[in-house]
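Asker: So that you have it, the file is start.csv, and it contains CSV, C-alpha atoms:
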chain,number,residue,atom,x,y,z
A,5,MET,CA,109.6,89.4,114.4
A,6,PRO,CA,110.3,88.9,110.7
A,7,PRO,CA,110.0,91.9,108.4
A,8,PHE,CA,106.3,92.6,107.9
A,9,GLN,CA,106.8,92.3,104.1
A,10,THR,CA,107.4,88.6,104.6
A,11,LEU,CA,103.8,88.2,105.8
A,12,ILE,CA,102.5,90.1,102.7
A,13,ASP,CA,104.7,88.0,100.4
A,14,GLU,CA,103.5,84.7,101.9
A,15,TYR,CA,99.9,85.3,102.8
A,16,ALA,CA,98.4,88.2,100.7
A,17,ALA,CA,96.9,85.9,98.1
A,18,GLU,CA,95.2,83.7,100.8
A,19,VAL,CA,94.0,86.6,102.8
A,20,LEU,CA,92.5,88.1,99.6
A,21,ALA,CA,90.8,84.8,98.9
A,22,VAL,CA,89.3,84.6,102.4
A,23,CYS,CA,88.1,88.2,102.0
A,24,ARG,CA,86.5,87.4,98.7
A,25,GLY,CA,84.7,84.4,100.2
A,26,ALA,CA,83.6,86.4,103.2
A,27,VAL,CA,82.4,89.7,101.8
A,28,GLY,CA,82.3,89.2,98.0
A,29,ARG,CA,84.5,90.3,95.2
A,30,SER,CA,83.6,94.0,95.1
A,31,ASP,CA,84.4,94.6,98.8
A,32,ALA,CA,87.2,92.1,99.1
A,33,GLU,CA,90.0,94.6,98.5
A,34,ASP,CA,88.6,96.9,101.3
A,35,CYS,CA,88.6,93.9,103.6
A,36,PHE,CA,92.1,93.0,102.5
A,37,GLN,CA,93.4,96.5,103.2
A,38,GLU,CA,91.7,96.8,106.6
A,39,THR,CA,93.1,93.4,107.5
A,40,PHE,CA,96.7,94.2,106.7
A,41,ILE,CA,96.6,97.8,108.1
A,42,ALA,CA,95.2,96.4,111.4
A,43,ALA,CA,97.9,93.7,111.4
A,44,LEU,CA,100.6,96.3,110.7
A,45,ARG,CA,99.4,98.5,113.5
A,46,ALA,CA,99.4,95.6,116.0
A,47,TYR,CA,102.5,93.9,114.7
A,48,PRO,CA,105.3,95.4,116.9
A,49,LYS,CA,103.4,94.5,120.1
A,50,LEU,CA,102.7,90.9,119.0
A,51,ASP,CA,104.3,88.5,121.6
A,52,ASP,CA,104.2,85.3,119.6
A,53,ASP,CA,105.3,84.9,116.0
A,54,ARG,CA,104.7,81.2,115.8
A,55,ASN,CA,101.3,81.3,114.0
A,56,LEU,CA,101.4,84.5,112.0
A,57,ARG,CA,99.1,83.0,109.3
A,58,GLY,CA,96.4,82.1,111.9
A,59,TRP,CA,96.8,85.5,113.4
A,60,LEU,CA,96.2,87.2,110.0
A,61,PHE,CA,93.2,85.1,109.2
A,62,THR,CA,91.7,85.9,112.6
A,63,ILE,CA,92.0,89.6,111.8
A,64,ALA,CA,90.6,89.0,108.3
A,65,HIS,CA,87.5,87.2,109.7
A,66,ARG,CA,87.0,90.0,112.3
A,67,LYS,CA,87.2,92.6,109.5
A,68,ALA,CA,84.7,90.5,107.5
A,69,ILE,CA,82.3,90.4,110.4
A,70,ASP,CA,82.7,94.2,110.9
A,71,HIS,CA,81.8,94.6,107.2
A,72,HIS,CA,78.6,92.5,107.6
A,73,ARG,CA,77.6,94.3,110.8
A,74,ALA,CA,78.2,97.7,109.1
A,75,ARG,CA,76.0,96.6,106.2
A,76,GLY,CA,73.4,95.3,108.6
A,77,ARG,CA,73.2,98.7,110.3
A,78,GLN,CA,73.0,100.6,107.1
A,79,PRO,CA,70.4,99.0,104.9
A,80,VAL,CA,70.3,100.6,101.5
A,81,PRO,CA,66.7,101.2,100.3
A,82,VAL,CA,66.0,99.6,97.0
A,83,GLU,CA,62.8,99.3,95.0
A,84,ARG,CA,63.1,95.5,94.6
A,85,VAL,CA,65.4,93.3,96.5
A,86,PRO,CA,67.7,91.6,94.0
A,87,GLU,CA,67.6,87.9,93.9
A,88,VAL,CA,71.1,87.6,92.5
A,89,PRO,CA,74.5,88.1,94.2
A,90,PHE,CA,75.4,91.8,94.0
A,91,ALA,CA,79.0,91.1,93.3
A,92,ASP,CA,78.7,89.6,89.8
A,93,PRO,CA,81.4,87.1,90.5
A,94,GLU,CA,83.6,85.5,87.8
A,95,PRO,CA,84.4,82.1,89.1
A,96,GLU,CA,88.0,80.9,88.7
A,97,ASP,CA,89.6,77.8,90.0
A,98,GLY,CA,89.5,76.9,93.6
A,99,ILE,CA,86.9,76.4,96.3
A,100,TRP,CA,86.9,80.1,97.4
A,101,GLU,CA,86.0,81.2,94.0
A,102,LEU,CA,82.9,78.9,94.1
A,103,VAL,CA,82.2,80.2,97.6
A,104,GLY,CA,82.5,83.8,96.3
A,105,ALA,CA,79.8,83.0,93.7
A,106,LEU,CA,77.2,82.0,96.3
A,107,PRO,CA,74.4,84.4,97.2
A,108,PRO,CA,75.6,86.9,99.8
A,109,LYS,CA,74.0,85.3,102.9
A,110,GLN,CA,75.1,81.8,102.0
A,111,ARG,CA,78.6,83.0,101.1
A,112,ALA,CA,79.0,84.8,104.4
A,113,ALA,CA,77.6,81.9,106.4
A,114,VAL,CA,79.9,79.3,104.7
A,115,THR,CA,83.0,81.5,105.1
A,116,LEU,CA,82.3,82.4,108.7
A,117,ARG,CA,81.7,78.7,109.5
A,118,TYR,CA,84.6,77.1,107.7
A,119,ALA,CA,87.3,79.8,107.3
A,120,SER,CA,86.6,81.6,110.6
A,121,ASP,CA,85.4,78.5,112.5
A,122,LEU,CA,82.6,80.5,114.1
A,123,PRO,CA,79.7,78.7,115.8
A,124,HIS,CA,76.1,79.2,114.5
A,125,ALA,CA,75.2,81.6,117.2
A,126,GLU,CA,78.1,83.9,116.3
A,127,ILE,CA,77.4,83.6,112.6
A,128,ALA,CA,73.8,84.6,113.3
A,129,ALA,CA,75.0,87.6,115.3
A,130,ALA,CA,77.4,88.7,112.5
A,131,LEU,CA,74.7,88.4,109.9
A,132,GLY,CA,72.0,89.9,112.0
A,133,CYS,CA,69.7,86.9,111.7
A,134,SER,CA,68.4,84.1,113.9
A,135,PRO,CA,70.6,81.1,114.5
A,136,GLU,CA,68.1,79.0,112.6
A,137,ALA,CA,68.3,81.3,109.6
A,138,ALA,CA,72.1,81.2,109.8
A,139,ARG,CA,72.0,77.4,109.9
A,140,ARG,CA,69.7,77.4,106.9
A,141,SER,CA,72.0,79.7,104.9
A,142,LEU,CA,74.9,77.5,105.7
A,143,HIS,CA,73.1,74.4,104.7
A,144,GLU,CA,71.9,75.9,101.4
A,145,GLY,CA,75.4,77.2,100.7
A,146,ILE,CA,77.0,73.8,101.3
A,147,LYS,CA,74.3,72.0,99.2
A,148,ARG,CA,75.0,74.4,96.3
A,149,LEU,CA,78.8,73.9,96.6
A,150,ARG,CA,78.4,70.1,96.6
A,151,LYS,CA,76.4,70.4,93.4
A,152,GLU,CA,79.0,72.7,91.8
A,153,LEU,CA,81.8,70.4,92.7
A,154,ALA,CA,80.0,67.1,91.7
B,11,MET,CA,97.1,91.6,93.6
B,12,SER,CA,100.1,93.8,93.2
B,13,ILE,CA,97.9,96.9,92.9
B,14,ALA,CA,96.3,96.0,96.2
B,15,ILE,CA,99.7,95.6,97.8
B,16,ASP,CA,100.9,98.9,96.4
B,17,ARG,CA,97.9,100.6,97.8
B,18,LEU,CA,98.6,99.0,101.1
B,19,ALA,CA,102.1,100.5,101.3
B,20,GLU,CA,100.6,103.9,100.4
B,21,ARG,CA,98.0,103.7,103.1
B,22,ALA,CA,100.5,102.5,105.6
B,23,ALA,CA,102.7,105.5,104.9
B,24,ALA,CA,99.7,107.8,105.2
B,25,GLU,CA,98.7,106.4,108.5
B,26,GLY,CA,102.3,106.6,109.9
B,27,LEU,CA,102.7,102.8,110.0
B,28,LEU,CA,105.5,102.6,107.4
B,29,ASP,CA,108.5,102.6,109.7
B,30,VAL,CA,111.0,101.2,107.2
B,31,ALA,CA,110.4,101.3,103.4
B,32,TYR,CA,112.8,99.5,101.1
B,33,THR,CA,113.4,98.9,97.5
B,34,THR,CA,116.3,97.8,95.2
B,35,ALA,CA,118.1,100.1,92.8
B,36,ASP,CA,120.4,99.2,89.9
B,37,SER,CA,124.0,100.3,90.1
B,38,PRO,CA,127.1,99.6,88.0
B,39,PHE,CA,128.1,97.0,90.7
B,40,GLY,CA,124.8,95.2,90.9
B,41,PRO,CA,121.6,95.7,92.8
B,42,LEU,CA,121.6,98.0,95.9
B,43,LEU,CA,119.1,97.6,98.7
B,44,LEU,CA,117.9,101.0,99.9
B,45,ALA,CA,116.0,101.4,103.1
B,46,THR,CA,114.5,104.6,104.6
B,47,THR,CA,112.6,105.6,107.7
B,48,PRO,CA,110.4,108.7,107.8
B,49,ARG,CA,113.6,110.5,109.0
B,50,GLY,CA,115.8,109.6,106.1
B,51,LEU,CA,118.0,107.0,104.4
B,52,VAL,CA,118.9,104.4,107.1
B,53,ARG,CA,120.6,101.6,105.2
B,54,VAL,CA,122.3,100.9,101.9
B,55,GLY,CA,123.0,97.2,101.2
B,56,LEU,CA,125.8,96.6,98.7
B,57,PRO,CA,125.5,94.0,95.9
B,58,ASN,CA,127.6,91.4,97.8
B,59,GLN,CA,125.5,91.6,100.9
B,60,ASP,CA,122.5,89.4,101.6
B,61,ALA,CA,119.3,91.5,101.2
B,62,GLU,CA,117.2,89.1,103.2
B,63,GLU,CA,119.6,89.3,106.2
B,64,LEU,CA,119.7,93.1,106.0
B,65,LEU,CA,115.9,93.2,106.2
B,66,VAL,CA,115.8,90.9,109.2
B,67,ASP,CA,118.4,93.1,110.9
B,68,LEU,CA,116.3,96.2,110.2
B,69,ALA,CA,113.2,94.5,111.6
B,70,ALA,CA,115.1,93.8,114.8
B,71,ARG,CA,117.0,97.0,115.2
B,72,VAL,CA,114.6,99.7,113.8
B,73,SER,CA,111.1,98.3,113.6
B,74,PRO,CA,109.4,95.1,112.3
B,75,ARG,CA,107.1,97.3,110.2
B,76,VAL,CA,109.3,96.8,107.1
B,77,LEU,CA,107.5,97.1,103.8
B,78,GLU,CA,108.6,97.2,100.2
B,79,ALA,CA,107.7,100.6,98.7
B,80,THR,CA,109.4,102.5,95.9
B,81,ALA,CA,108.0,106.0,96.3
B,82,PRO,CA,109.7,106.9,99.7
B,83,LEU,CA,113.1,106.0,98.0
B,84,ASP,CA,112.6,107.9,94.7
B,85,GLU,CA,114.9,110.7,95.8
B,86,ALA,CA,117.7,108.4,97.0
B,87,ARG,CA,117.5,106.4,93.8
B,88,ARG,CA,117.7,109.6,91.7
B,89,GLU,CA,120.7,110.9,93.6
B,90,LEU,CA,122.5,107.6,93.4
B,91,ASP,CA,121.9,107.3,89.6
B,92,LEU,CA,123.4,110.7,89.1
B,93,TYR,CA,126.3,109.9,91.3
B,94,PHE,CA,127.2,106.8,89.4
B,95,GLU,CA,127.0,108.8,86.2
B,96,GLY,CA,129.5,111.2,87.6
B,97,LYS,CA,126.9,114.0,87.6
B,98,LEU,CA,126.4,114.5,91.3
B,99,THR,CA,129.1,115.2,93.9
B,100,ASP,CA,127.1,116.0,97.0
B,101,PHE,CA,124.2,113.9,98.3
B,102,GLU,CA,121.5,116.1,99.7
B,103,LEU,CA,118.9,113.5,100.9
B,104,PRO,CA,118.3,113.3,104.6
B,105,LEU,CA,120.0,110.5,106.5
B,106,ASP,CA,118.9,108.6,109.6
B,107,TRP,CA,121.9,107.8,111.7
B,108,GLN,CA,120.2,105.5,114.3
B,109,LEU,CA,122.1,102.3,113.3
B,110,SER,CA,125.4,103.8,114.6
B,111,ARG,CA,126.1,105.2,118.0
B,112,ASP,CA,128.8,107.1,119.9
B,113,PHE,CA,132.3,107.0,118.5
B,114,ARG,CA,131.2,105.1,115.3
B,115,ARG,CA,128.5,107.7,114.6
B,116,ARG,CA,130.9,110.6,115.1
B,117,ALA,CA,133.4,108.8,112.8
B,118,LEU,CA,130.7,108.3,110.1
B,119,ARG,CA,129.6,111.9,110.4
B,120,ALA,CA,133.3,112.9,109.8
B,121,ILE,CA,133.4,110.6,106.8
B,122,ALA,CA,130.2,112.2,105.4
B,123,ARG,CA,132.1,115.6,105.4
B,124,ILE,CA,135.0,114.4,103.2
B,125,PRO,CA,134.5,116.2,99.9
B,126,TYR,CA,134.0,114.4,96.6
B,127,GLY,CA,137.2,113.4,95.0
B,128,GLN,CA,139.3,113.7,98.2
B,129,THR,CA,140.5,111.1,100.7
B,130,ARG,CA,141.3,110.9,104.4
B,131,SER,CA,143.3,108.4,106.5
B,132,TYR,CA,141.8,106.2,109.2
B,133,THR,CA,143.9,108.3,111.7
B,134,GLN,CA,142.4,111.5,110.5
B,135,ILE,CA,138.9,110.1,110.9
B,136,ALA,CA,139.7,108.9,114.4
B,137,THR,CA,141.0,112.4,115.3
B,138,SER,CA,137.8,114.0,113.8
B,139,ALA,CA,135.7,111.6,115.9
B,140,GLY,CA,137.5,112.8,119.0
B,141,ASN,CA,140.1,110.1,119.7
B,142,GLU,CA,143.2,110.1,117.6
B,143,ARG,CA,144.4,106.8,119.0
B,144,ALA,CA,141.2,105.0,118.0
B,145,VAL,CA,142.5,104.2,114.5
B,146,ARG,CA,141.3,100.6,114.6
B,147,ALA,CA,137.8,101.7,115.8
B,148,ALA,CA,137.7,104.2,112.9
B,149,GLY,CA,138.4,101.2,110.7
B,150,THR,CA,135.5,99.3,112.3
B,151,ALA,CA,133.2,102.3,111.8
B,152,CYS,CA,134.0,102.2,108.1
B,153,GLY,CA,133.5,98.5,108.0
B,154,THR,CA,130.1,98.7,109.7
B,155,ASN,CA,129.0,101.8,107.8
B,156,PRO,CA,125.2,101.3,107.4
B,157,ILE,CA,124.9,103.8,104.6
B,158,PRO,CA,127.9,103.1,102.2
B,159,VAL,CA,128.4,105.1,99.0
B,160,VAL,CA,126.2,108.0,100.4
B,161,VAL,CA,128.4,108.1,103.5
B,162,PRO,CA,131.6,107.8,101.5
B,163,CYS,CA,133.7,105.4,103.5
B,164,HIS,CA,135.4,104.5,100.2
B,165,ARG,CA,137.2,107.9,100.6
B,166,VAL,CA,139.1,106.6,103.7
B,167,LEU,CA,142.5,105.0,103.0
B,168,ARG,CA,145.5,103.8,105.0
B,169,SER,CA,148.0,106.4,106.2
B,170,GLY,CA,150.6,105.0,103.8
B,171,GLY,CA,148.2,105.3,100.9
B,172,GLY,CA,147.1,101.7,100.9
B,173,LEU,CA,143.5,101.1,100.0
B,174,GLY,CA,142.4,99.5,103.3
B,175,GLY,CA,139.2,97.4,103.1
B,176,TYR,CA,135.7,97.8,101.8
B,177,GLY,CA,132.5,96.1,102.7
B,178,GLY,CA,131.5,95.9,99.0
B,179,GLY,CA,134.9,94.4,98.0
B,180,LEU,CA,138.1,96.2,97.0
B,181,PRO,CA,137.2,96.3,93.3
B,182,MET,CA,134.2,98.4,94.1
B,183,LYS,CA,136.2,100.8,96.3
B,184,GLU,CA,138.7,101.2,93.5
B,185,SER,CA,136.0,101.9,90.9
B,186,LEU,CA,134.4,104.5,93.1
B,187,LEU,CA,137.8,106.2,93.6
B,188,ARG,CA,138.4,106.1,89.9
B,189,LEU,CA,134.9,107.6,89.3
B,190,GLU,CA,135.8,110.4,91.6
B,191,GLY,CA,139.2,111.0,89.9
B,192,VAL,CA,141.2,109.9,92.9
B,193,LEU,CA,142.7,106.9,91.1
B,194,ASP,CA,143.8,107.0,87.5
B,195,ASP,CA,141.8,104.9,85.0
Starting from the coordinates I provided, produce the structure as structure tokens.
Answerer:
Amino acid sequence: MPPFQTLIDEYAAEVLAVCRGAVGRSDAEDCFQETFIAALRAYPKLDDDRNLRGWLFTIAHRKAIDHHRARGRQPVPVERVPEVPFADPEPEDGIWELVGALPPKQRAAVTLRYASDLPHAEIAAALGCSPEAARRSLHEGIKRLRKELA
Amino acid sequence: MSIAIDRLAERAAAEGLLDVAYTTADSPFGPLLLATTPRGLVRVGLPNQDAEELLVDLAARVSPRVLEATAPLDEARRELDLYFEGKLTDFELPLDWQLSRDFRRRALRAIARIPYGQTRSYTQIATSAGNERAVRAAGTACGTNPIPVVVPCHRVLRSGGGLGGYGGGLPMKESLLRLEGVLDD
């Protein structure tokens, strides 16, 4: 196994971008920390070091799903449901920055579909909605990204 | 980004997942690589040694949980700075001897007891380590010393007074002996 620091040096920026896309800017660092701590914990027992990048991304996606599940279980009572993303994103260059700027449901759906490669049913389970609603969020998210990129 | 990575190293240490922390420190000879385990300083890489290779070796022989982190090495860096300024004669930081075994470890422990400003011969070290005939092995123990400078293998010379060898190159050995007043300026 290469020294763990090599993984941080090579993939930290990408993992942070995936976390931003999956859970939004304000919670991205938590997701990033959880991902690397879990990876560090499991690292010495890892059998195969051929696809460390893919391994890290899988963990990041799992952590993002955990995050959405935890939020689903603990709804925060508010007077009015906000219609804008809670993270107040500041778009920079790159597709993940645009994804990060999507409303939370769309953002999560797009990331889970394209970064984590999850099927609609699992996206729905992660988001705590019906597969149809997940498909709709994904569709809306993609439509919006197409418009932004056009 | 770098703040997130610093926090990661802190958290890894707090959760007992930081098996090997490393950093680099300036020295009059160039950058030193310092590596520590929770038990103590385990490796000092000299300026002429390939830091990348040393880290790969640590990952294989100690643990692959190797992270860059400065805080665990603050004390080592402080003592080394003072030593190079001529203001410290005895290192007090804890050492982790796990990279040497058996005869070599006994030889290195004997070397660690040579007082500042004094020298011993390879034969004397072999004798201290329990085998007076193992002079060549004592030389190998010096040559493979994982914690040079702190474990002062530069204080070991040939019986006739010749300098012998040094992993960091002979000019570095000579400078260290001059610093300690063994050789004249």
Asker: Identify all chain A residues at most 9 Å from chain B by counting all atoms listed in the file; ligands do not count. Present them as a list in words.
Answerer: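 So the contacting residues turn out to be Met5, Pro6, Pro7, Phe8, Gln9, Thr10, Ile12, Ala16, Ala17, Leu20, Glu33, Phe36, Gln37, Phe40, Ile41, Leu44, Arg45, Tyr47 and Pro48 of chain A.
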Asker: Work out how far atom CA of Ala26 of chain A is from atom CA of Ala138 of chain A, in Å to one decimal.
Answerer: 14.2 Å
Asker: Mind giving me the axis-aligned box for segment 74-89 of chain B with 5 Å on every side, centre plus edges in Å to one decimal, as AutoDock Vina command-line options?
Answerer:
--center_x 113.9 --center_y 103.0 --center_z 102.0 --size_x 23.6 --size_y 25.8 --size_z 30.6
Asker: If I take atom CA of Arg116 of chain B and atom CA of Gly96 of chain B, how far is one from the other in Å, to one decimal?
Answerer: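 A separation of 27.5 Å between them.
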Asker: Give me the residues near Val52 of chain B as a list in words, where near means some atom within 6 Å (using all atoms listed in the file) and where sequence neighbours in that chain fewer than 6 positions away do not count.
Answerer: Ala45, Thr46 and Asp106 of chain B
Asker: Might you pull out every residue within 8 Å of Ala21 of chain A, with only C-alpha atoms counted and same-chain residues fewer than 4 positions away left off, and present them as an MDAnalysis selection string?
Answerer: chainID A and resid 17 25 100:101
Asker: Which residues are close to Arg115 of chain B, i.e. within 12 Å by all atoms listed in the file, leaving aside same-chain residues fewer than 6 positions away? Reply as a PDB file with C-alpha atoms, keeping the file's coordinate frame.
Answerer:
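File produced: part.pdb:
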ATOM      1  CA  ASP B 106     118.900 108.600 109.600  1.00  0.00           C
ATOM      2  CA  TRP B 107     121.900 107.800 111.700  1.00  0.00           C
ATOM      3  CA  GLN B 108     120.200 105.500 114.300  1.00  0.00           C
ATOM      4  CA  LEU B 109     122.100 102.300 113.300  1.00  0.00           C
ATOM      5  CA  ILE B 121     133.400 110.600 106.800  1.00  0.00           C
ATOM      6  CA  ALA B 122     130.200 112.200 105.400  1.00  0.00           C
ATOM      7  CA  ILE B 135     138.900 110.100 110.900  1.00  0.00           C
ATOM      8  CA  ALA B 136     139.700 108.900 114.400  1.00  0.00           C
ATOM      9  CA  SER B 138     137.800 114.000 113.800  1.00  0.00           C
ATOM     10  CA  ALA B 139     135.700 111.600 115.900  1.00  0.00           C
ATOM     11  CA  GLY B 140     137.500 112.800 119.000  1.00  0.00           C
ATOM     12  CA  ALA B 147     137.800 101.700 115.800  1.00  0.00           C
ATOM     13  CA  ALA B 148     137.700 104.200 112.900  1.00  0.00           C
ATOM     14  CA  THR B 150     135.500  99.300 112.300  1.00  0.00           C
ATOM     15  CA  ALA B 151     133.200 102.300 111.800  1.00  0.00           C
ATOM     16  CA  CYS B 152     134.000 102.200 108.100  1.00  0.00           C
ATOM     17  CA  THR B 154     130.100  98.700 109.700  1.00  0.00           C
ATOM     18  CA  ASN B 155     129.000 101.800 107.800  1.00  0.00           C
ATOM     19  CA  PRO B 156     125.200 101.300 107.400  1.00  0.00           C
ATOM     20  CA  ILE B 157     124.900 103.800 104.600  1.00  0.00           C
ATOM     21  CA  VAL B 161     128.400 108.100 103.500  1.00  0.00           C
TER      22      VAL B 161
END
Asker: Is it possible to get the residues within 12 Å of (119.7, 108.6, 92.0) (coordinates as in the file, counting only C-alpha atoms) written as a ChimeraX atom specification?
Answerer: /B:34-37,42,44,83-103,159-160
Asker: Generate a file of the selected residues that holds C-alpha atoms, formatted as a PDB file, in the frame of the given file.
Answerer:
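Contents of the output file result-v4.pdb:
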ATOM      1  CA  THR B  34     116.300  97.800  95.200  1.00  0.00           C
ATOM      2  CA  ALA B  35     118.100 100.100  92.800  1.00  0.00           C
ATOM      3  CA  ASP B  36     120.400  99.200  89.900  1.00  0.00           C
ATOM      4  CA  SER B  37     124.000 100.300  90.100  1.00  0.00           C
ATOM      5  CA  LEU B  42     121.600  98.000  95.900  1.00  0.00           C
ATOM      6  CA  LEU B  44     117.900 101.000  99.900  1.00  0.00           C
ATOM      7  CA  LEU B  83     113.100 106.000  98.000  1.00  0.00           C
ATOM      8  CA  ASP B  84     112.600 107.900  94.700  1.00  0.00           C
ATOM      9  CA  GLU B  85     114.900 110.700  95.800  1.00  0.00           C
ATOM     10  CA  ALA B  86     117.700 108.400  97.000  1.00  0.00           C
ATOM     11  CA  ARG B  87     117.500 106.400  93.800  1.00  0.00           C
ATOM     12  CA  ARG B  88     117.700 109.600  91.700  1.00  0.00           C
ATOM     13  CA  GLU B  89     120.700 110.900  93.600  1.00  0.00           C
ATOM     14  CA  LEU B  90     122.500 107.600  93.400  1.00  0.00           C
ATOM     15  CA  ASP B  91     121.900 107.300  89.600  1.00  0.00           C
ATOM     16  CA  LEU B  92     123.400 110.700  89.100  1.00  0.00           C
ATOM     17  CA  TYR B  93     126.300 109.900  91.300  1.00  0.00           C
ATOM     18  CA  PHE B  94     127.200 106.800  89.400  1.00  0.00           C
ATOM     19  CA  GLU B  95     127.000 108.800  86.200  1.00  0.00           C
ATOM     20  CA  GLY B  96     129.500 111.200  87.600  1.00  0.00           C
ATOM     21  CA  LYS B  97     126.900 114.000  87.600  1.00  0.00           C
ATOM     22  CA  LEU B  98     126.400 114.500  91.300  1.00  0.00           C
ATOM     23  CA  THR B  99     129.100 115.200  93.900  1.00  0.00           C
ATOM     24  CA  ASP B 100     127.100 116.000  97.000  1.00  0.00           C
ATOM     25  CA  PHE B 101     124.200 113.900  98.300  1.00  0.00           C
ATOM     26  CA  GLU B 102     121.500 116.100  99.700  1.00  0.00           C
ATOM     27  CA  LEU B 103     118.900 113.500 100.900  1.00  0.00           C
ATOM     28  CA  VAL B 159     128.400 105.100  99.000  1.00  0.00           C
ATOM     29  CA  VAL B 160     126.200 108.000 100.400  1.00  0.00           C
TER      30      VAL B 160
END
Asker: So the first atom is atom CA of Leu153 of chain A and the second is atom CA of Gly104 of chain A; what is the distance between them in Å, to one decimal place?
Answerer: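 Here the two named atoms are 13.9 Å from each other.
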Asker: Could you pull segment 95-120 of chain B out of the block above and save it with C-alpha atoms, as a short mmCIF file (atom, residue, chain, number, x, y, z; two decimals), in the first residue's frame?
Answerer:
data_model
loop_
_atom_site.label_atom_id
_atom_site.label_comp_id
_atom_site.auth_asym_id
_atom_site.auth_seq_id
_atom_site.Cartn_x
_atom_site.Cartn_y
_atom_site.Cartn_z
CA GLU B 95 22.88 25.66 17.13
CA GLY B 96 25.18 23.93 19.61
CA LYS B 97 22.72 24.58 22.46
CA LEU B 98 21.60 21.03 23.15
CA THR B 99 23.81 18.07 24.02
CA ASP B 100 21.30 15.39 25.01
CA PHE B 101 18.17 14.56 23.06
CA GLU B 102 15.28 13.85 25.39
CA LEU B 103 12.49 13.00 22.97
CA PRO B 104 11.16 9.42 23.06
CA LEU B 105 12.40 7.06 20.33
CA ASP B 106 10.67 4.16 18.62
CA TRP B 107 13.24 1.44 17.88
CA GLN B 108 10.98 -0.83 15.84
CA LEU B 109 12.92 -0.42 12.57
CA SER B 110 15.97 -2.19 13.99
CA ARG B 111 16.18 -5.60 15.61
CA ASP B 112 18.46 -7.87 17.59
CA PHE B 113 22.17 -7.09 17.26
CA ARG B 114 21.58 -3.91 15.26
CA ARG B 115 19.18 -2.57 17.83
CA ARG B 116 21.60 -3.34 20.67
CA ALA B 117 24.38 -1.61 18.72
CA LEU B 118 22.21 1.46 18.10
CA ARG B 119 21.23 1.62 21.76
CA ALA B 120 24.92 1.53 22.65
#
